[in-house]
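Visitor: To be precise about what I am sending: the file is called my_file_29.tsv and holds TSV, C-alpha atoms and all ligand atoms.
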```tsv
chain	number	residue	atom	x	y	z
A	1	MET	CA	0.00	0.00	0.00
A	2	LYS	CA	2.78	2.38	0.99
A	3	LYS	CA	4.60	1.64	-2.25
A	4	LEU	CA	1.46	2.36	-4.25
A	5	ALA	CA	0.95	5.67	-2.44
A	6	THR	CA	4.54	6.74	-3.19
A	7	GLY	CA	4.11	5.72	-6.83
A	8	LEU	CA	0.94	7.78	-7.14
A	9	CYS	CA	2.69	10.73	-5.58
A	10	ALA	CA	5.51	10.49	-8.11
A	11	ILE	CA	2.97	10.39	-10.92
A	12	ALA	CA	1.28	13.48	-9.50
A	13	LEU	CA	4.62	15.30	-9.33
A	14	LEU	CA	5.46	14.28	-12.87
A	15	ALA	CA	2.05	15.50	-14.05
A	16	THR	CA	2.71	18.85	-12.38
A	17	ALA	CA	6.11	19.14	-14.09
A	18	VAL	CA	4.61	18.23	-17.47
A	19	GLN	CA	1.84	20.78	-16.88
A	20	ALA	CA	4.39	23.50	-16.04
A	21	GLN	CA	6.36	22.77	-19.22
A	22	THR	CA	3.11	22.76	-21.24
A	23	VAL	CA	2.28	26.20	-19.85
A	24	LYS	CA	5.75	27.56	-20.75
A	25	ASP	CA	5.58	26.13	-24.28
A	26	PHE	CA	2.06	27.44	-24.69
A	27	LEU	CA	3.04	30.94	-23.60
A	28	ALA	CA	6.13	31.00	-25.82
A	29	ALA	CA	3.93	30.11	-28.79
A	30	VAL	CA	1.12	32.61	-28.19
A	31	MET	CA	2.84	35.61	-26.61
A	32	PRO	CA	4.17	37.21	-29.84
A	33	LYS	CA	0.64	37.46	-31.28
A	34	TRP	CA	-0.92	38.35	-27.93
A	35	THR	CA	1.40	41.35	-27.56
A	36	ALA	CA	1.39	42.51	-31.21
A	37	PRO	CA	-0.38	45.82	-31.79
A	38	PHE	CA	-3.64	46.23	-33.70
A	39	GLU	CA	-5.10	49.55	-34.83
A	40	PRO	CA	-8.18	50.35	-32.70
A	41	PHE	CA	-11.50	50.88	-34.51
A	42	ARG	CA	-15.25	51.26	-34.08
A	43	LEU	CA	-16.62	47.73	-34.48
A	44	ILE	CA	-20.38	48.26	-34.34
A	45	GLY	CA	-22.70	50.82	-32.76
A	46	ASN	CA	-21.04	52.12	-29.59
A	47	ILE	CA	-18.59	49.17	-29.35
A	48	TYR	CA	-14.90	49.75	-30.10
A	49	TYR	CA	-12.01	47.29	-30.43
A	50	VAL	CA	-8.97	48.35	-28.41
A	51	GLY	CA	-7.20	44.98	-28.02
A	52	THR	CA	-4.07	43.54	-29.57
A	53	ASP	CA	-3.67	41.27	-32.60
A	54	GLY	CA	-4.26	38.22	-30.37
A	55	ILE	CA	-6.33	39.35	-27.37
A	56	ALA	CA	-9.64	41.17	-27.68
A	57	VAL	CA	-10.41	44.16	-25.45
A	58	TYR	CA	-13.42	46.40	-26.01
A	59	VAL	CA	-14.61	49.85	-25.02
A	60	ILE	CA	-18.33	50.59	-24.92
A	61	LYS	CA	-19.14	54.28	-25.12
A	62	THR	CA	-22.24	55.22	-23.15
A	63	SER	CA	-23.98	58.54	-22.40
A	64	ASP	CA	-22.43	58.40	-18.93
A	65	GLY	CA	-18.84	57.30	-19.52
A	66	LEU	CA	-17.02	54.22	-20.73
A	67	ILE	CA	-17.31	50.51	-20.02
A	68	LEU	CA	-14.15	48.46	-20.55
A	69	MET	CA	-14.61	44.79	-21.42
A	70	ASP	CA	-11.54	42.83	-20.23
A	71	THR	CA	-7.89	43.79	-20.46
A	72	ALA	CA	-5.02	41.68	-21.81
A	73	VAL	CA	-1.68	40.41	-20.48
A	74	PRO	CA	-0.03	43.05	-18.23
A	75	GLN	CA	2.78	43.68	-20.75
A	76	VAL	CA	0.35	45.49	-23.06
A	77	THR	CA	-1.72	47.56	-20.62
A	78	GLY	CA	0.06	50.69	-21.93
A	79	MET	CA	-0.86	49.71	-25.49
A	80	ILE	CA	-4.52	49.27	-24.52
A	81	LYS	CA	-4.52	52.70	-22.88
A	82	ASP	CA	-2.92	54.23	-25.99
A	83	ASN	CA	-5.59	52.57	-28.16
A	84	ILE	CA	-8.36	54.07	-26.02
A	85	ALA	CA	-6.74	57.51	-26.33
A	86	LYS	CA	-6.26	57.09	-30.11
A	87	LEU	CA	-10.03	56.82	-30.47
A	88	GLY	CA	-10.44	60.13	-28.69
A	89	PHE	CA	-11.60	58.62	-25.38
A	90	LYS	CA	-10.23	59.29	-21.91
A	91	VAL	CA	-9.05	56.34	-19.81
A	92	ALA	CA	-10.23	58.35	-16.78
A	93	ASP	CA	-13.82	58.08	-18.10
A	94	ILE	CA	-13.92	54.29	-17.57
A	95	LYS	CA	-16.63	53.73	-14.94
A	96	TYR	CA	-17.07	49.96	-15.14
A	97	ILE	CA	-14.65	47.18	-16.01
A	98	LEU	CA	-16.43	43.97	-17.01
A	99	ASN	CA	-14.73	40.59	-17.15
A	100	SER	CA	-15.45	37.63	-19.42
A	101	HIS	CA	-13.39	35.22	-17.33
A	102	ALA	CA	-10.62	35.21	-14.76
A	103	HIS	CA	-7.66	34.15	-16.90
A	104	PHE	CA	-4.46	36.20	-16.84
A	105	ASP	CA	-4.68	37.06	-20.55
A	106	HIS	CA	-7.93	38.97	-19.92
A	107	THR	CA	-7.29	40.28	-16.40
A	108	GLY	CA	-3.61	41.30	-16.51
A	109	GLY	CA	-4.34	45.03	-16.63
A	110	PHE	CA	-7.18	45.13	-14.09
A	111	ALA	CA	-5.15	46.17	-11.04
A	112	GLU	CA	-3.43	49.04	-12.86
A	113	LEU	CA	-6.54	50.35	-14.62
A	114	LYS	CA	-8.71	50.05	-11.55
A	115	LYS	CA	-6.20	52.02	-9.49
A	116	GLU	CA	-5.88	54.66	-12.19
A	117	THR	CA	-9.60	55.15	-12.89
A	118	GLY	CA	-11.39	54.08	-9.71
A	119	ALA	CA	-13.67	52.02	-11.96
A	120	GLN	CA	-15.84	49.25	-10.49
A	121	LEU	CA	-14.91	45.70	-11.45
A	122	ILE	CA	-17.88	43.48	-12.32
A	123	ALA	CA	-17.40	39.74	-12.88
A	124	GLY	CA	-19.07	36.34	-12.68
A	125	GLU	CA	-19.79	35.21	-9.14
A	126	ARG	CA	-17.86	31.94	-9.40
A	127	ASP	CA	-14.77	33.73	-10.77
A	128	LYS	CA	-14.63	36.14	-7.83
A	129	PRO	CA	-12.23	33.99	-5.74
A	130	LEU	CA	-9.91	33.61	-8.76
A	131	LEU	CA	-9.80	37.37	-9.40
A	132	GLU	CA	-9.29	38.17	-5.75
A	133	GLY	CA	-6.62	35.46	-5.46
A	134	GLY	CA	-4.94	36.22	-8.80
A	135	TYR	CA	-4.48	32.59	-9.81
A	136	TYR	CA	-5.45	30.04	-12.47
A	137	PRO	CA	-8.05	27.59	-11.16
A	138	GLY	CA	-6.45	24.32	-10.14
A	139	ASP	CA	-2.93	25.79	-10.59
A	140	GLU	CA	-2.80	28.21	-7.68
A	141	LYS	CA	0.99	28.11	-7.49
A	142	ASP	CA	1.90	28.54	-11.15
A	143	THR	CA	3.28	32.08	-11.35
A	144	ASP	CA	3.48	31.93	-15.16
A	145	ILE	CA	-0.31	32.19	-15.32
A	146	SER	CA	-1.02	34.25	-12.22
A	147	PHE	CA	-1.88	37.95	-12.11
A	148	THR	CA	-2.14	40.80	-9.59
A	149	PRO	CA	-5.17	40.08	-7.37
A	150	VAL	CA	-7.96	42.59	-7.73
A	151	LYS	CA	-11.13	43.28	-5.74
A	152	VAL	CA	-14.44	42.43	-7.40
A	153	ASP	CA	-16.91	45.23	-6.64
A	154	ARG	CA	-19.95	43.41	-7.97
A	155	ALA	CA	-20.41	39.70	-8.67
A	156	VAL	CA	-23.06	38.75	-11.24
A	157	LYS	CA	-25.00	35.66	-12.24
A	158	GLU	CA	-27.47	34.67	-14.96
A	159	GLY	CA	-29.78	37.51	-15.96
A	160	ASP	CA	-28.13	40.25	-13.90
A	161	LYS	CA	-28.00	43.62	-15.62
A	162	VAL	CA	-25.30	46.27	-15.70
A	163	THR	CA	-26.42	49.72	-16.82
A	164	LEU	CA	-24.36	52.80	-17.48
A	165	GLY	CA	-26.13	55.77	-19.08
A	166	ASP	CA	-27.98	54.60	-22.19
A	167	THR	CA	-26.37	51.13	-22.32
A	168	THR	CA	-27.37	47.91	-20.54
A	169	LEU	CA	-25.54	44.59	-20.62
A	170	ILE	CA	-27.06	41.29	-19.50
A	171	ALA	CA	-24.88	38.61	-17.88
A	172	HIS	CA	-25.20	34.99	-18.99
A	173	ASP	CA	-23.55	32.18	-17.02
A	174	THR	CA	-21.51	30.12	-19.49
A	175	PRO	CA	-19.18	28.10	-17.20
A	176	GLY	CA	-16.58	25.51	-18.18
A	177	HIS	CA	-13.62	27.49	-19.48
A	178	THR	CA	-13.68	28.99	-15.96
A	179	PRO	CA	-16.34	28.38	-13.29
A	180	GLY	CA	-17.62	31.96	-13.49
A	181	CYS	CA	-17.21	32.39	-17.25
A	182	THR	CA	-19.72	35.12	-18.17
A	183	SER	CA	-21.01	36.02	-21.62
A	184	TRP	CA	-22.36	39.55	-21.93
A	185	GLU	CA	-25.25	40.51	-24.19
A	186	MET	CA	-26.23	43.99	-25.33
A	187	THR	CA	-27.98	45.84	-28.13
A	188	ALA	CA	-25.91	47.98	-30.45
A	189	LYS	CA	-27.51	50.54	-32.74
A	190	GLU	CA	-26.06	50.49	-36.23
A	191	GLY	CA	-27.74	53.00	-38.52
A	192	ASP	CA	-31.46	52.48	-37.96
A	193	LYS	CA	-31.07	48.83	-36.87
A	194	ASP	CA	-30.79	47.31	-33.41
A	195	ARG	CA	-28.26	44.46	-33.37
A	196	ASP	CA	-28.05	41.87	-30.62
A	197	VAL	CA	-24.38	41.50	-29.67
A	198	LEU	CA	-22.87	38.72	-27.55
A	199	PHE	CA	-19.44	38.96	-25.97
A	200	PHE	CA	-19.07	35.17	-25.71
A	201	CYS	CA	-16.90	34.24	-22.71
A	202	SER	CA	-15.01	31.26	-24.19
A	203	GLY	CA	-15.55	27.54	-24.52
A	204	THR	CA	-12.11	26.20	-25.35
A	205	VAL	CA	-10.45	23.54	-23.19
A	206	ALA	CA	-7.22	25.59	-23.01
A	207	LEU	CA	-5.06	24.43	-20.06
A	208	ASN	CA	-8.02	22.87	-18.26
A	209	ARG	CA	-7.89	19.32	-16.87
A	210	LEU	CA	-11.18	17.57	-17.53
A	211	VAL	CA	-10.50	14.17	-15.92
A	212	GLY	CA	-8.62	12.73	-12.94
A	213	GLU	CA	-8.08	15.77	-10.78
A	214	PRO	CA	-10.12	18.24	-12.81
A	215	THR	CA	-9.44	21.98	-12.87
A	216	TYR	CA	-12.60	22.30	-10.79
A	217	PRO	CA	-15.35	19.82	-9.85
A	218	GLY	CA	-18.20	19.57	-12.34
A	219	ILE	CA	-16.20	21.11	-15.19
A	220	VAL	CA	-17.34	18.60	-17.86
A	221	ASP	CA	-21.05	19.09	-17.08
A	222	ASP	CA	-20.54	22.85	-17.11
A	223	TYR	CA	-18.99	22.78	-20.60
A	224	ARG	CA	-21.84	20.63	-21.93
A	225	ALA	CA	-24.52	22.91	-20.45
A	226	THR	CA	-22.77	25.97	-21.91
A	227	PHE	CA	-22.58	24.45	-25.40
A	228	ALA	CA	-26.33	23.65	-25.33
A	229	LYS	CA	-27.22	27.09	-24.00
A	230	ALA	CA	-25.05	29.00	-26.48
A	231	LYS	CA	-26.38	27.04	-29.46
A	232	ALA	CA	-29.92	28.10	-28.56
A	233	MET	CA	-29.04	31.82	-28.30
A	234	LYS	CA	-30.20	34.08	-31.11
A	235	ILE	CA	-27.73	36.86	-31.69
A	236	ASP	CA	-26.63	38.99	-34.65
A	237	VAL	CA	-23.02	39.73	-33.73
A	238	LEU	CA	-20.59	37.25	-32.17
A	239	LEU	CA	-17.63	38.74	-30.30
A	240	GLY	CA	-15.18	36.93	-28.05
A	241	PRO	CA	-12.07	37.28	-25.88
A	242	HIS	CA	-9.69	36.45	-28.74
A	243	PRO	CA	-10.02	37.74	-32.34
A	244	GLU	CA	-9.96	34.23	-33.84
A	245	VAL	CA	-13.31	33.42	-32.14
A	246	TYR	CA	-15.09	35.53	-34.78
A	247	GLY	CA	-12.48	36.17	-37.47
A	248	MET	CA	-11.98	39.77	-36.40
A	249	GLN	CA	-9.12	40.62	-38.77
A	250	ALA	CA	-10.89	39.35	-41.92
A	251	LYS	CA	-14.10	41.20	-41.04
A	252	ARG	CA	-12.20	44.37	-40.18
A	253	ALA	CA	-10.58	44.23	-43.62
A	254	GLN	CA	-14.04	43.98	-45.21
A	255	MET	CA	-15.45	47.08	-43.47
A	256	LYS	CA	-16.40	49.82	-45.92
A	257	ASP	CA	-18.36	53.05	-45.61
A	258	GLY	CA	-21.89	52.58	-46.88
A	259	ALA	CA	-21.59	48.76	-46.99
A	260	PRO	CA	-23.27	46.38	-44.50
A	261	ASN	CA	-21.25	45.83	-41.33
A	262	PRO	CA	-19.40	42.48	-41.78
A	263	PHE	CA	-19.58	41.80	-38.04
A	264	VAL	CA	-23.34	41.23	-38.37
A	265	LYS	CA	-23.54	37.49	-38.98
A	266	PRO	CA	-26.57	35.74	-37.44
A	267	GLY	CA	-25.96	32.02	-36.96
A	268	GLU	CA	-22.21	32.37	-36.48
A	269	LEU	CA	-22.44	31.54	-32.76
A	270	ALA	CA	-24.10	28.15	-33.35
A	271	THR	CA	-21.52	27.20	-35.98
A	272	TYR	CA	-18.69	28.32	-33.74
A	273	VAL	CA	-20.04	26.41	-30.73
A	274	SER	CA	-20.45	23.20	-32.76
A	275	GLY	CA	-16.74	23.43	-33.54
A	276	LEU	CA	-15.95	23.99	-29.87
A	277	GLU	CA	-18.01	20.95	-28.93
A	278	GLN	CA	-16.14	18.73	-31.40
A	279	ASP	CA	-12.82	19.94	-30.08
A	280	PHE	CA	-14.00	19.39	-26.50
A	281	ASP	CA	-14.95	15.77	-27.24
A	282	LYS	CA	-11.51	15.19	-28.80
A	283	GLN	CA	-9.69	16.71	-25.83
A	284	LEU	CA	-11.82	14.76	-23.38
A	285	ALA	CA	-11.05	11.49	-25.18
A	286	LYS	CA	-7.34	12.37	-25.29
A	287	GLN	CA	-7.18	13.24	-21.59
A	288	THR	CA	-9.15	10.11	-20.67
A	289	ALA	CA	-6.82	7.91	-22.75
A	290	ALA	CA	-3.76	9.52	-21.11
A	291	MET	CA	-5.23	8.77	-17.68
A	292	THR	CA	-5.76	5.06	-18.37
A	293	LYS	CA	-2.37	4.43	-19.99
B	301	ZN	ZN	-9.23	31.88	-20.99
```
Translate the structure of the given file into structure tokens.

Guide:
Amino acid sequence: MKKLATGLCAIALLATAVQAQTVKDFLAAVMPKWTAPFEPFRLIGNIYYVGTDGIAVYVIKTSDGLILMDTAVPQVTGMIKDNIAKLGFKVADIKYILNSHAHFDHTGGFAELKKETGAQLIAGERDKPLLEGGYYPGDEKDTDISFTPVKVDRAVKEGDKVTLGDTTLIAHDTPGHTPGCTSWEMTAKEGDKDRDVLFFCSGTVALNRLVGEPTYPGIVDDYRATFAKAKAMKIDVLLGPHPEVYGMQAKRAQMKDGAPNPFVKPGELATYVSGLEQDFDKQLAKQTAAMTK
């Protein structure tokens, strides 16, 4: 029995080492794109893109100040601030900072921006401990994917509303990618049309462990429920925390004065989520096979 326990412990240590190397390799691969600049622009209605080439960050202009949706990795907080200024906005006018999910690549600038603006941070209830602890769920000690802890001023759950001036966003619980993963829905006026916009939280497996000692208990059921929920949502504009979720660059290149806005694409969410679901099943099978080896 003792021998078995020691063996299991060694396996656990090895798994941790492999995980740490995976994280380092992952970061080395994605960081160049995540930190590459992208020219800010008005995306649709009162929504503006102020992120990088690899991480999406948005500003929503309301009649009573600005809402910031996410930040990026801390290395580019200055770039995000410059992008906001380039559009003629003042960083000091940010009243609310909303979060899609508590991963370092979307929260890395929170502490700095919150301190600078006094803005209120609003995030999914189940992500509150992660934001206030500054860690990746299930990998509390991995400093490669940690971030400066930040106080959550308001925690939201399904159906909660956030209003600033003339703009209201509705929170939708879409857990899995993180336990408090929150998709935000709002209406954007484009010309004389109202468009239903969804800032989809995320549904990729990323660095999450689905089996054995999962990233958090119930993670697989959460992903499945989120896929079903998202597929049933009717929206006109899909946005997400990374540009590749909705082909931002290609659509941006298609934008033309007087032409229909290429970001309006009803049905795109369902197609995207079907792809996520297929990838999830593959990853789940792969992780299960690795467990039983
Ligand atoms: Zn993430």

Visitor: Give me the residues of chain A that have any atom at most 8 Å from an atom of ligand ZN 301 (chain B); for each, the nearest atom pair and the distance in Å, rounded to one decimal. Use all atoms listed in the file, sort by chain and number, and format it as JSON lines.

Guide:
```
{"residue": "A:His101", "atom": "CA", "partner": "B:ZN301", "partner_atom": "ZN", "distance": 6.5}
{"residue": "A:Ala102", "atom": "CA", "partner": "B:ZN301", "partner_atom": "ZN", "distance": 7.2}
{"residue": "A:His103", "atom": "CA", "partner": "B:ZN301", "partner_atom": "ZN", "distance": 4.9}
{"residue": "A:Phe104", "atom": "CA", "partner": "B:ZN301", "partner_atom": "ZN", "distance": 7.7}
{"residue": "A:Asp105", "atom": "CA", "partner": "B:ZN301", "partner_atom": "ZN", "distance": 6.9}
{"residue": "A:His106", "atom": "CA", "partner": "B:ZN301", "partner_atom": "ZN", "distance": 7.3}
{"residue": "A:His177", "atom": "CA", "partner": "B:ZN301", "partner_atom": "ZN", "distance": 6.4}
{"residue": "A:Thr178", "atom": "CA", "partner": "B:ZN301", "partner_atom": "ZN", "distance": 7.3}
{"residue": "A:Ser202", "atom": "CA", "partner": "B:ZN301", "partner_atom": "ZN", "distance": 6.6}
{"residue": "A:Thr204", "atom": "CA", "partner": "B:ZN301", "partner_atom": "ZN", "distance": 7.7}
{"residue": "A:Ala206", "atom": "CA", "partner": "B:ZN301", "partner_atom": "ZN", "distance": 6.9}
{"residue": "A:Pro241", "atom": "CA", "partner": "B:ZN301", "partner_atom": "ZN", "distance": 7.8}
```

Visitor: Keeping only C-alpha atoms, write the selected residues to a file as an mmCIF file, in the coordinates of the input.

Guide:
```cif
data_model
loop_
_atom_site.group_PDB
_atom_site.id
_atom_site.type_symbol
_atom_site.label_atom_id
_atom_site.label_comp_id
_atom_site.auth_asym_id
_atom_site.auth_seq_id
_atom_site.Cartn_x
_atom_site.Cartn_y
_atom_site.Cartn_z
ATOM 1 C CA HIS A 101 -13.390 35.220 -17.330
ATOM 2 C CA ALA A 102 -10.620 35.210 -14.760
ATOM 3 C CA HIS A 103 -7.660 34.150 -16.900
ATOM 4 C CA PHE A 104 -4.460 36.200 -16.840
ATOM 5 C CA ASP A 105 -4.680 37.060 -20.550
ATOM 6 C CA HIS A 106 -7.930 38.970 -19.920
ATOM 7 C CA HIS A 177 -13.620 27.490 -19.480
ATOM 8 C CA THR A 178 -13.680 28.990 -15.960
ATOM 9 C CA SER A 202 -15.010 31.260 -24.190
ATOM 10 C CA THR A 204 -12.110 26.200 -25.350
ATOM 11 C CA ALA A 206 -7.220 25.590 -23.010
ATOM 12 C CA PRO A 241 -12.070 37.280 -25.880
#
```

Visitor: Give me the stretch 40-73 of chain A side of the contact with stretch 255-273 of chain A, cut-off 12 Å, one line per residue showing its nearest atom pair and distance in Å at one decimal, counting all atoms listed in the file, sorted by chain and residue number, as a Markdown table.

Guide:
```
| residue | atom | partner | partner_atom | distance |
| --- | --- | --- | --- | --- |
| A:Phe41 | CA | A:Met255 | CA | 10.5 |
| A:Arg42 | CA | A:Met255 | CA | 10.3 |
| A:Leu43 | CA | A:Phe263 | CA | 7.5 |
| A:Ile44 | CA | A:Asn261 | CA | 7.5 |
| A:Gly45 | CA | A:Asn261 | CA | 10.0 |
| A:Ile47 | CA | A:Phe263 | CA | 11.4 |
```

Visitor: Just the selected residues (C-alpha atoms), exported as an mmCIF file, in the frame of the given file, please.

Guide:
```
data_model
loop_
_atom_site.group_PDB
_atom_site.id
_atom_site.type_symbol
_atom_site.label_atom_id
_atom_site.label_comp_id
_atom_site.auth_asym_id
_atom_site.auth_seq_id
_atom_site.Cartn_x
_atom_site.Cartn_y
_atom_site.Cartn_z
ATOM 1 C CA PHE A 41 -11.500 50.880 -34.510
ATOM 2 C CA ARG A 42 -15.250 51.260 -34.080
ATOM 3 C CA LEU A 43 -16.620 47.730 -34.480
ATOM 4 C CA ILE A 44 -20.380 48.260 -34.340
ATOM 5 C CA GLY A 45 -22.700 50.820 -32.760
ATOM 6 C CA ILE A 47 -18.590 49.170 -29.350
#
```

Visitor: Considering all atoms listed in the file, state which residue in the set A:Tyr216, A:Phe26, A:Trp184, A:Tyr223 is at the smallest distance from A:Asp144.

Guide: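 For A:Asp144, the nearest of the given residues is A:Phe26.
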
Visitor: Which is closest to A:Ser63 among A:Asp93, A:Asp279, A:Asp196, A:Glu39, if we use all atoms listed in the file?

Guide: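 Result for the nearest residue to A:Ser63: A:Asp93.
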
Visitor: Interatomic distance between atom CA of A:Arg209 and atom CA of A:Gly247?

Guide: 27.0 Å

Visitor: Please report the interatomic distance between atom CA of A:Gly165 and atom CA of A:Thr187 in Å with one decimal.

Guide: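 That distance, rounded to one decimal, is 13.6 Å.
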
Visitor: With distances taken over all atoms listed in the file, which residue among A:Asp194, A:Val211, A:Ala232, A:Leu113 lies nearest A:Ala289?

Guide: A:Val211

Visitor: Quick one: of A:Gly88, A:Gly138, A:Pro32, A:Pro129, who's nearest to A:Asp53, counting only C-alpha atoms?

Guide: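 Residue with the minimum atom-to-atom distance to A:Asp53: A:Pro32.
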
Visitor: So that I can check the surroundings of A:Gly180, please list as a list in words every protein, DNA and RNA residue that reaches within 10 Å of it, counting all atoms listed in the file and ignoring chain neighbours fewer than 4 positions away.

Guide: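 Final neighbour list, sorted by chain and number: Asn99, Ser100, His101, Ala102, Ala123, Gly124, Glu125, Arg126, Asp127, Lys128, Pro129, Leu130, Ala155, Val156, Lys157, His172, Asp173, Thr174, Pro175, Gly176 and Cys201 of chain A.
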
Visitor: As a VMD selection string, please: the residues near A:Ile60 (cut-off 6 Å, all atoms listed in the file, same-chain neighbours under 6 positions excluded).

Guide: chain A and resid 46 to 47 66 to 67

Visitor: Would you work out the distance separating atom CA of A:Asp192 from atom CA of A:Leu68, expressed in Å to one decimal?

Guide: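 The value is 24.9 Å.
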
Visitor: For a quick check of understanding, using all atoms listed in the file, which of A:Lys282, A:His242, A:Lys115, A:Lys234 has the smallest distance to A:Val57?

Guide: A:His242

Visitor: From the options A:Pro243, A:Met248, A:Glu185, A:Ile122, which residue's atoms come nearest to A:Trp34, counting only C-alpha atoms?

Guide: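 Selected residue with least distance to A:Trp34: A:Pro243.
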